[in-house]
>>> print(open('model.tsv').read())   # TSV, N, CA and C atoms
chain	number	residue	atom	x	y	z
V	1	MET	N	58.66	49.12	-28.19
V	1	MET	CA	57.92	47.88	-28.23
V	1	MET	C	56.89	47.83	-27.09
V	2	ASP	N	57.25	48.34	-25.93
V	2	ASP	CA	56.34	48.30	-24.79
V	2	ASP	C	55.37	49.49	-24.76
V	3	LEU	N	55.68	50.53	-25.49
V	3	LEU	CA	54.88	51.75	-25.41
V	3	LEU	C	53.86	51.91	-26.53
V	4	ALA	N	54.16	51.36	-27.69
V	4	ALA	CA	53.30	51.56	-28.86
V	4	ALA	C	52.22	50.49	-28.94
V	5	ARG	N	51.07	50.88	-29.44
V	5	ARG	CA	49.98	49.94	-29.70
V	5	ARG	C	50.21	49.22	-31.03
V	6	VAL	N	50.69	49.98	-32.02
V	6	VAL	CA	50.98	49.44	-33.35
V	6	VAL	C	52.38	49.87	-33.74
V	7	LEU	N	53.14	48.94	-34.26
V	7	LEU	CA	54.48	49.20	-34.78
V	7	LEU	C	54.60	48.37	-36.05
V	8	ARG	N	54.66	49.05	-37.19
V	8	ARG	CA	54.63	48.30	-38.46
V	8	ARG	C	55.45	49.01	-39.53
V	9	SER	N	55.81	48.23	-40.53
V	9	SER	CA	56.45	48.76	-41.72
V	9	SER	C	55.68	48.24	-42.92
V	10	LYS	N	55.73	49.01	-44.01
V	10	LYS	CA	55.03	48.60	-45.22
V	10	LYS	C	55.56	49.41	-46.40
V	11	ASN	N	55.23	48.95	-47.59
V	11	ASN	CA	55.61	49.68	-48.80
V	11	ASN	C	54.99	51.05	-48.82
V	12	SER	N	55.73	51.96	-49.41
V	12	SER	CA	55.22	53.29	-49.69
V	12	SER	C	55.61	53.59	-51.14
V	13	GLY	N	55.32	52.64	-51.99
V	13	GLY	CA	55.74	52.71	-53.39
V	13	GLY	C	56.94	51.80	-53.60
V	14	PRO	N	57.36	51.61	-54.83
V	14	PRO	CA	58.44	50.66	-55.11
V	14	PRO	C	59.82	51.10	-54.64
V	15	PHE	N	59.97	52.37	-54.28
V	15	PHE	CA	61.28	52.88	-53.90
V	15	PHE	C	61.33	53.43	-52.48
V	16	GLU	N	60.26	53.27	-51.73
V	16	GLU	CA	60.20	53.78	-50.36
V	16	GLU	C	59.55	52.76	-49.44
V	17	ILE	N	59.89	52.85	-48.17
V	17	ILE	CA	59.26	52.03	-47.15
V	17	ILE	C	58.87	52.96	-46.01
V	18	THR	N	57.71	52.72	-45.43
V	18	THR	CA	57.22	53.60	-44.38
V	18	THR	C	56.99	52.80	-43.09
V	19	PHE	N	57.14	53.49	-42.00
V	19	PHE	CA	57.00	52.90	-40.67
V	19	PHE	C	55.97	53.72	-39.90
V	20	ASP	N	55.09	53.04	-39.20
V	20	ASP	CA	54.09	53.69	-38.37
V	20	ASP	C	54.25	53.20	-36.95
V	21	VAL	N	54.27	54.15	-36.03
V	21	VAL	CA	54.27	53.84	-34.60
V	21	VAL	C	53.06	54.58	-34.04
V	22	ILE	N	52.07	53.82	-33.59
V	22	ILE	CA	50.81	54.40	-33.15
V	22	ILE	C	50.60	54.10	-31.67
V	23	PHE	N	50.22	55.11	-30.93
V	23	PHE	CA	50.03	55.00	-29.49
V	23	PHE	C	48.55	55.10	-29.14
V	24	ASP	N	48.14	54.41	-28.09
V	24	ASP	CA	46.73	54.50	-27.68
V	24	ASP	C	46.55	55.27	-26.39
V	25	ASP	N	47.59	55.92	-25.93
V	25	ASP	CA	47.54	56.68	-24.67
V	25	ASP	C	48.18	58.04	-24.89
V	26	ASP	N	47.45	59.11	-24.57
V	26	ASP	CA	47.97	60.47	-24.77
V	26	ASP	C	49.26	60.71	-24.00
V	27	ALA	N	49.32	60.27	-22.76
V	27	ALA	CA	50.49	60.52	-21.92
V	27	ALA	C	51.73	59.82	-22.48
V	28	VAL	N	51.57	58.61	-22.93
V	28	VAL	CA	52.69	57.87	-23.51
V	28	VAL	C	53.13	58.54	-24.81
V	29	TYR	N	52.18	58.91	-25.65
V	29	TYR	CA	52.50	59.60	-26.90
V	29	TYR	C	53.30	60.87	-26.62
V	30	GLU	N	52.83	61.67	-25.69
V	30	GLU	CA	53.52	62.92	-25.36
V	30	GLU	C	54.90	62.66	-24.77
V	31	ARG	N	55.04	61.60	-23.99
V	31	ARG	CA	56.35	61.22	-23.44
V	31	ARG	C	57.33	60.90	-24.56
V	32	VAL	N	56.89	60.08	-25.50
V	32	VAL	CA	57.77	59.69	-26.62
V	32	VAL	C	58.10	60.92	-27.46
V	33	LYS	N	57.10	61.70	-27.77
V	33	LYS	CA	57.32	62.89	-28.59
V	33	LYS	C	58.28	63.86	-27.89
V	34	GLY	N	58.09	64.06	-26.61
V	34	GLY	CA	58.93	64.97	-25.85
V	34	GLY	C	60.34	64.48	-25.61
V	35	SER	N	60.57	63.19	-25.75
V	35	SER	CA	61.89	62.62	-25.49
V	35	SER	C	62.93	63.01	-26.53
V	36	GLN	N	62.48	63.42	-27.69
V	36	GLN	CA	63.37	63.75	-28.81
V	36	GLN	C	64.18	62.54	-29.28
V	37	ALA	N	63.77	61.33	-28.92
V	37	ALA	CA	64.50	60.12	-29.30
V	37	ALA	C	64.26	59.71	-30.76
V	38	LEU	N	63.16	60.17	-31.33
V	38	LEU	CA	62.82	59.81	-32.71
V	38	LEU	C	63.07	61.01	-33.61
V	39	HIS	N	64.33	61.24	-33.94
V	39	HIS	CA	64.67	62.36	-34.81
V	39	HIS	C	65.40	61.81	-36.05
V	40	THR	N	65.52	62.63	-37.04
V	40	THR	CA	66.03	62.20	-38.34
V	40	THR	C	67.39	61.52	-38.26
V	41	ALA	N	68.34	62.14	-37.60
V	41	ALA	CA	69.69	61.56	-37.53
V	41	ALA	C	69.68	60.22	-36.80
V	42	ARG	N	68.89	60.11	-35.75
V	42	ARG	CA	68.81	58.86	-34.99
V	42	ARG	C	68.17	57.76	-35.83
V	43	MET	N	67.13	58.09	-36.59
V	43	MET	CA	66.47	57.10	-37.44
V	43	MET	C	67.42	56.62	-38.54
V	44	ALA	N	68.19	57.54	-39.12
V	44	ALA	CA	69.17	57.15	-40.14
V	44	ALA	C	70.20	56.20	-39.54
V	45	GLU	N	70.68	56.53	-38.36
V	45	GLU	CA	71.65	55.68	-37.67
V	45	GLU	C	71.05	54.31	-37.36
V	46	LEU	N	69.84	54.30	-36.83
V	46	LEU	CA	69.18	53.07	-36.43
V	46	LEU	C	69.00	52.10	-37.61
V	47	PHE	N	68.66	52.65	-38.78
V	47	PHE	CA	68.43	51.82	-39.96
V	47	PHE	C	69.64	51.71	-40.88
V	48	GLY	N	70.74	52.34	-40.49
V	48	GLY	CA	71.97	52.22	-41.26
V	48	GLY	C	71.90	52.83	-42.64
V	49	VAL	N	71.23	53.99	-42.72
V	49	VAL	CA	71.10	54.68	-44.01
V	49	VAL	C	71.62	56.10	-43.87
V	50	PRO	N	71.99	56.75	-44.98
V	50	PRO	CA	72.37	58.16	-44.91
V	50	PRO	C	71.18	59.03	-44.50
V	51	VAL	N	71.45	60.12	-43.85
V	51	VAL	CA	70.39	61.04	-43.42
V	51	VAL	C	69.54	61.47	-44.61
V	52	ASP	N	70.15	61.61	-45.77
V	52	ASP	CA	69.41	62.02	-46.97
V	52	ASP	C	68.39	60.98	-47.42
V	53	ASP	N	68.49	59.75	-46.92
V	53	ASP	CA	67.52	58.71	-47.27
V	53	ASP	C	66.28	58.74	-46.38
V	54	VAL	N	66.28	59.62	-45.39
V	54	VAL	CA	65.10	59.79	-44.53
V	54	VAL	C	64.21	60.83	-45.21
V	55	ILE	N	63.07	60.38	-45.70
V	55	ILE	CA	62.16	61.25	-46.45
V	55	ILE	C	61.18	61.94	-45.51
V	56	VAL	N	60.62	61.19	-44.57
V	56	VAL	CA	59.66	61.73	-43.60
V	56	VAL	C	60.06	61.23	-42.22
V	57	CYS	N	60.07	62.12	-41.26
V	57	CYS	CA	60.33	61.77	-39.86
V	57	CYS	C	59.53	62.77	-39.04
V	58	MET	N	58.32	62.37	-38.63
V	58	MET	CA	57.43	63.34	-38.01
V	58	MET	C	56.41	62.69	-37.08
V	59	PHE	N	55.91	63.48	-36.16
V	59	PHE	CA	54.80	63.07	-35.32
V	59	PHE	C	53.52	63.64	-35.92
V	60	PHE	N	52.44	62.89	-35.80
V	60	PHE	CA	51.13	63.31	-36.32
V	60	PHE	C	50.15	63.25	-35.16
V	61	ASP	N	49.93	64.40	-34.52
V	61	ASP	CA	49.14	64.48	-33.30
V	61	ASP	C	47.71	63.93	-33.42
V	62	PRO	N	46.97	64.21	-34.50
V	62	PRO	CA	45.59	63.71	-34.56
V	62	PRO	C	45.46	62.19	-34.45
V	63	ALA	N	46.51	61.48	-34.84
V	63	ALA	CA	46.46	60.01	-34.78
V	63	ALA	C	47.32	59.46	-33.64
V	64	ARG	N	47.92	60.33	-32.85
V	64	ARG	CA	48.87	59.90	-31.81
V	64	ARG	C	49.90	58.94	-32.43
V	65	ALA	N	50.57	59.41	-33.48
V	65	ALA	CA	51.43	58.52	-34.25
V	65	ALA	C	52.74	59.19	-34.65
V	66	PHE	N	53.72	58.35	-34.89
V	66	PHE	CA	55.00	58.76	-35.46
V	66	PHE	C	55.12	58.10	-36.82
V	67	LYS	N	55.57	58.84	-37.80
V	67	LYS	CA	55.69	58.34	-39.17
V	67	LYS	C	57.13	58.53	-39.64
V	68	LEU	N	57.67	57.47	-40.22
V	68	LEU	CA	59.01	57.49	-40.77
V	68	LEU	C	58.94	56.88	-42.18
V	69	THR	N	59.50	57.56	-43.14
V	69	THR	CA	59.58	57.01	-44.50
V	69	THR	C	61.03	57.11	-44.96
V	70	LEU	N	61.54	55.97	-45.44
V	70	LEU	CA	62.92	55.88	-45.91
V	70	LEU	C	62.94	55.47	-47.38
V	71	LYS	N	63.99	55.90	-48.07
V	71	LYS	CA	64.24	55.35	-49.41
V	71	LYS	C	64.61	53.89	-49.22
V	72	ARG	N	64.08	53.03	-50.07
V	72	ARG	CA	64.45	51.62	-50.02
V	72	ARG	C	65.86	51.44	-50.54
V	73	GLY	N	66.59	50.50	-49.96
V	73	GLY	CA	67.93	50.20	-50.43
V	73	GLY	C	67.92	49.38	-51.71
V	74	TRP	N	66.76	48.94	-52.10
V	74	TRP	CA	66.56	48.13	-53.30
V	74	TRP	C	65.14	48.39	-53.79
V	75	ALA	N	64.92	48.24	-55.07
V	75	ALA	CA	63.57	48.45	-55.61
V	75	ALA	C	62.69	47.25	-55.27
V	76	GLN	N	61.45	47.51	-54.96
V	76	GLN	CA	60.51	46.43	-54.66
V	76	GLN	C	60.44	45.47	-55.84
V	77	GLY	N	60.55	44.18	-55.54
V	77	GLY	CA	60.45	43.16	-56.56
V	77	GLY	C	61.70	42.94	-57.38
V	78	SER	N	62.78	43.62	-57.04
V	78	SER	CA	64.02	43.45	-57.79
V	78	SER	C	64.68	42.12	-57.43
V	79	VAL	N	65.64	41.73	-58.22
V	79	VAL	CA	66.38	40.48	-57.97
V	79	VAL	C	67.01	40.57	-56.58
V	80	GLY	N	66.83	39.53	-55.80
V	80	GLY	CA	67.37	39.51	-54.45
V	80	GLY	C	66.47	40.17	-53.41
V	81	GLU	N	65.29	40.57	-53.82
V	81	GLU	CA	64.33	41.20	-52.90
V	81	GLU	C	64.14	40.34	-51.68
V	82	ARG	N	64.24	40.93	-50.50
V	82	ARG	CA	64.12	40.19	-49.25
V	82	ARG	C	62.73	40.28	-48.63
V	83	ASP	N	62.00	41.34	-48.96
V	83	ASP	CA	60.72	41.58	-48.30
V	83	ASP	C	59.86	42.46	-49.21
V	84	THR	N	59.24	41.87	-50.18
V	84	THR	CA	58.53	42.65	-51.20
V	84	THR	C	57.43	43.55	-50.64
V	85	PHE	N	56.82	43.16	-49.52
V	85	PHE	CA	55.76	43.98	-48.93
V	85	PHE	C	56.30	44.98	-47.90
V	86	GLY	N	57.56	44.87	-47.56
V	86	GLY	CA	58.14	45.79	-46.58
V	86	GLY	C	57.65	45.56	-45.17
V	87	ALA	N	57.05	44.42	-44.92
V	87	ALA	CA	56.38	44.16	-43.63
V	87	ALA	C	57.32	43.67	-42.53
V	88	GLN	N	58.57	43.43	-42.86
V	88	GLN	CA	59.50	42.88	-41.85
V	88	GLN	C	60.67	43.82	-41.58
V	89	GLN	N	60.51	45.09	-41.83
V	89	GLN	CA	61.64	46.02	-41.72
V	89	GLN	C	61.61	46.88	-40.46
V	90	HIS	N	60.62	46.73	-39.62
V	90	HIS	CA	60.47	47.59	-38.45
V	90	HIS	C	61.26	47.14	-37.22
V	91	ALA	N	61.92	46.00	-37.29
V	91	ALA	CA	62.62	45.43	-36.13
V	91	ALA	C	63.55	46.40	-35.40
V	92	PRO	N	64.34	47.25	-36.08
V	92	PRO	CA	65.20	48.16	-35.32
V	92	PRO	C	64.44	49.07	-34.34
V	93	LEU	N	63.20	49.36	-34.64
V	93	LEU	CA	62.41	50.21	-33.73
V	93	LEU	C	62.01	49.47	-32.45
V	94	LEU	N	62.00	48.15	-32.49
V	94	LEU	CA	61.56	47.37	-31.33
V	94	LEU	C	62.47	47.55	-30.13
V	95	GLU	N	63.73	47.79	-30.36
V	95	GLU	CA	64.71	47.89	-29.27
V	95	GLU	C	65.05	49.33	-28.89
V	96	LEU	N	64.44	50.29	-29.55
V	96	LEU	CA	64.74	51.70	-29.27
V	96	LEU	C	64.29	52.06	-27.87
V	97	MET	N	65.20	52.61	-27.09
V	97	MET	CA	64.88	52.99	-25.71
V	97	MET	C	64.40	54.44	-25.67
V	98	ILE	N	63.33	54.65	-24.94
V	98	ILE	CA	62.77	56.01	-24.76
V	98	ILE	C	63.03	56.42	-23.31
V	99	PRO	N	63.71	57.54	-23.11
V	99	PRO	CA	63.97	57.98	-21.72
V	99	PRO	C	62.69	58.35	-20.98
>>> encode(input="model.tsv", output="structure tokens")
Amino acid sequence: MDLARVLRSKNSGPFEITFDVIFDDDAVYERVKGSQALHTARMAELFGVPVDDVIVCMFFDPARAFKLTLKRGWAQGSVGERDTFGAQQHAPLLELMIP
């Protein structure tokens, strides 16, 4: 929360949700990337999903960004849908501590 310039979640189709963490400082980006804190097993644990539900978990150097894509636990627009745009799902990343 204190290190990223942008932290957001959004739809990535009706069955996936994607998260973007974008940094505006090279040193901070490299610190986060080097910390190994954002890895597949940790992201699965953080969001309470099986590791197999993590579709993308990667850093993208040209944009100084981290990208995470998960299978949605429910189809977009289905009965009981809590967040059709996927815009409110990034909260677990706000409390993630980076060494």
>>> closest_residue(input="model.tsv", among="V:Ile98, V:Ala65, V:Leu93, V:Ala27", to="Glu45 (chain V)", atoms="only C-alpha atoms")
V:Leu93
>>> residues_around(input="model.tsv", residues="Asp24 (chain V)", least_positions_apart="3", cutoff="7 Å", atoms="all atoms listed in the file", output="MDAnalysis selection string")
chainID V and resid 3:6 27:29 64
>>> residues_near_point(input="model.tsv", point="(61.7, 59.5, -42.7)", cutoff="7 Å", atoms="all atoms listed in the file", output="PyMOL selection string")
chain V and resi 40+53-58+67-71
>>> closest_residue(input="model.tsv", among="V:Thr18, V:Gly48, V:Ser35, V:Arg72", to="Pro99 (chain V)", atoms="all atoms listed in the file")
V:Ser35
>>> atom_distance(input="model.tsv", atom1="CA of Phe23 (chain V)", atom2="atom C of Gly73 (chain V)")
29.1 Å
>>> closest_residue(input="model.tsv", among="V:Pro14, V:Pro50, V:Pro92, V:Pro62", to="Gly77 (chain V)", atoms="only N, CA and C atoms")
V:Pro14
>>> axis_aligned_box(input="model.tsv", around="region 51-54 of chain V", padding_each_side="4 Å", output="lines of an AutoDock Vina configuration file")
center_x = 67.8
center_y = 60.4
center_z = -45.4
size_x = 15.2
size_y = 11.3
size_z = 12.0
>>> select_by_dssp(input="model.tsv", residues="region 35-69 of chain V", states="alpha helix (DSSP H)", output="VMD selection string")
chain V and resid 35 40 to 47
>>> closest_residue(input="model.tsv", among="V:Val32, V:Val79, V:Ala91, V:Ala37", to="Leu7 (chain V)", atoms="all atoms listed in the file")
V:Ala91
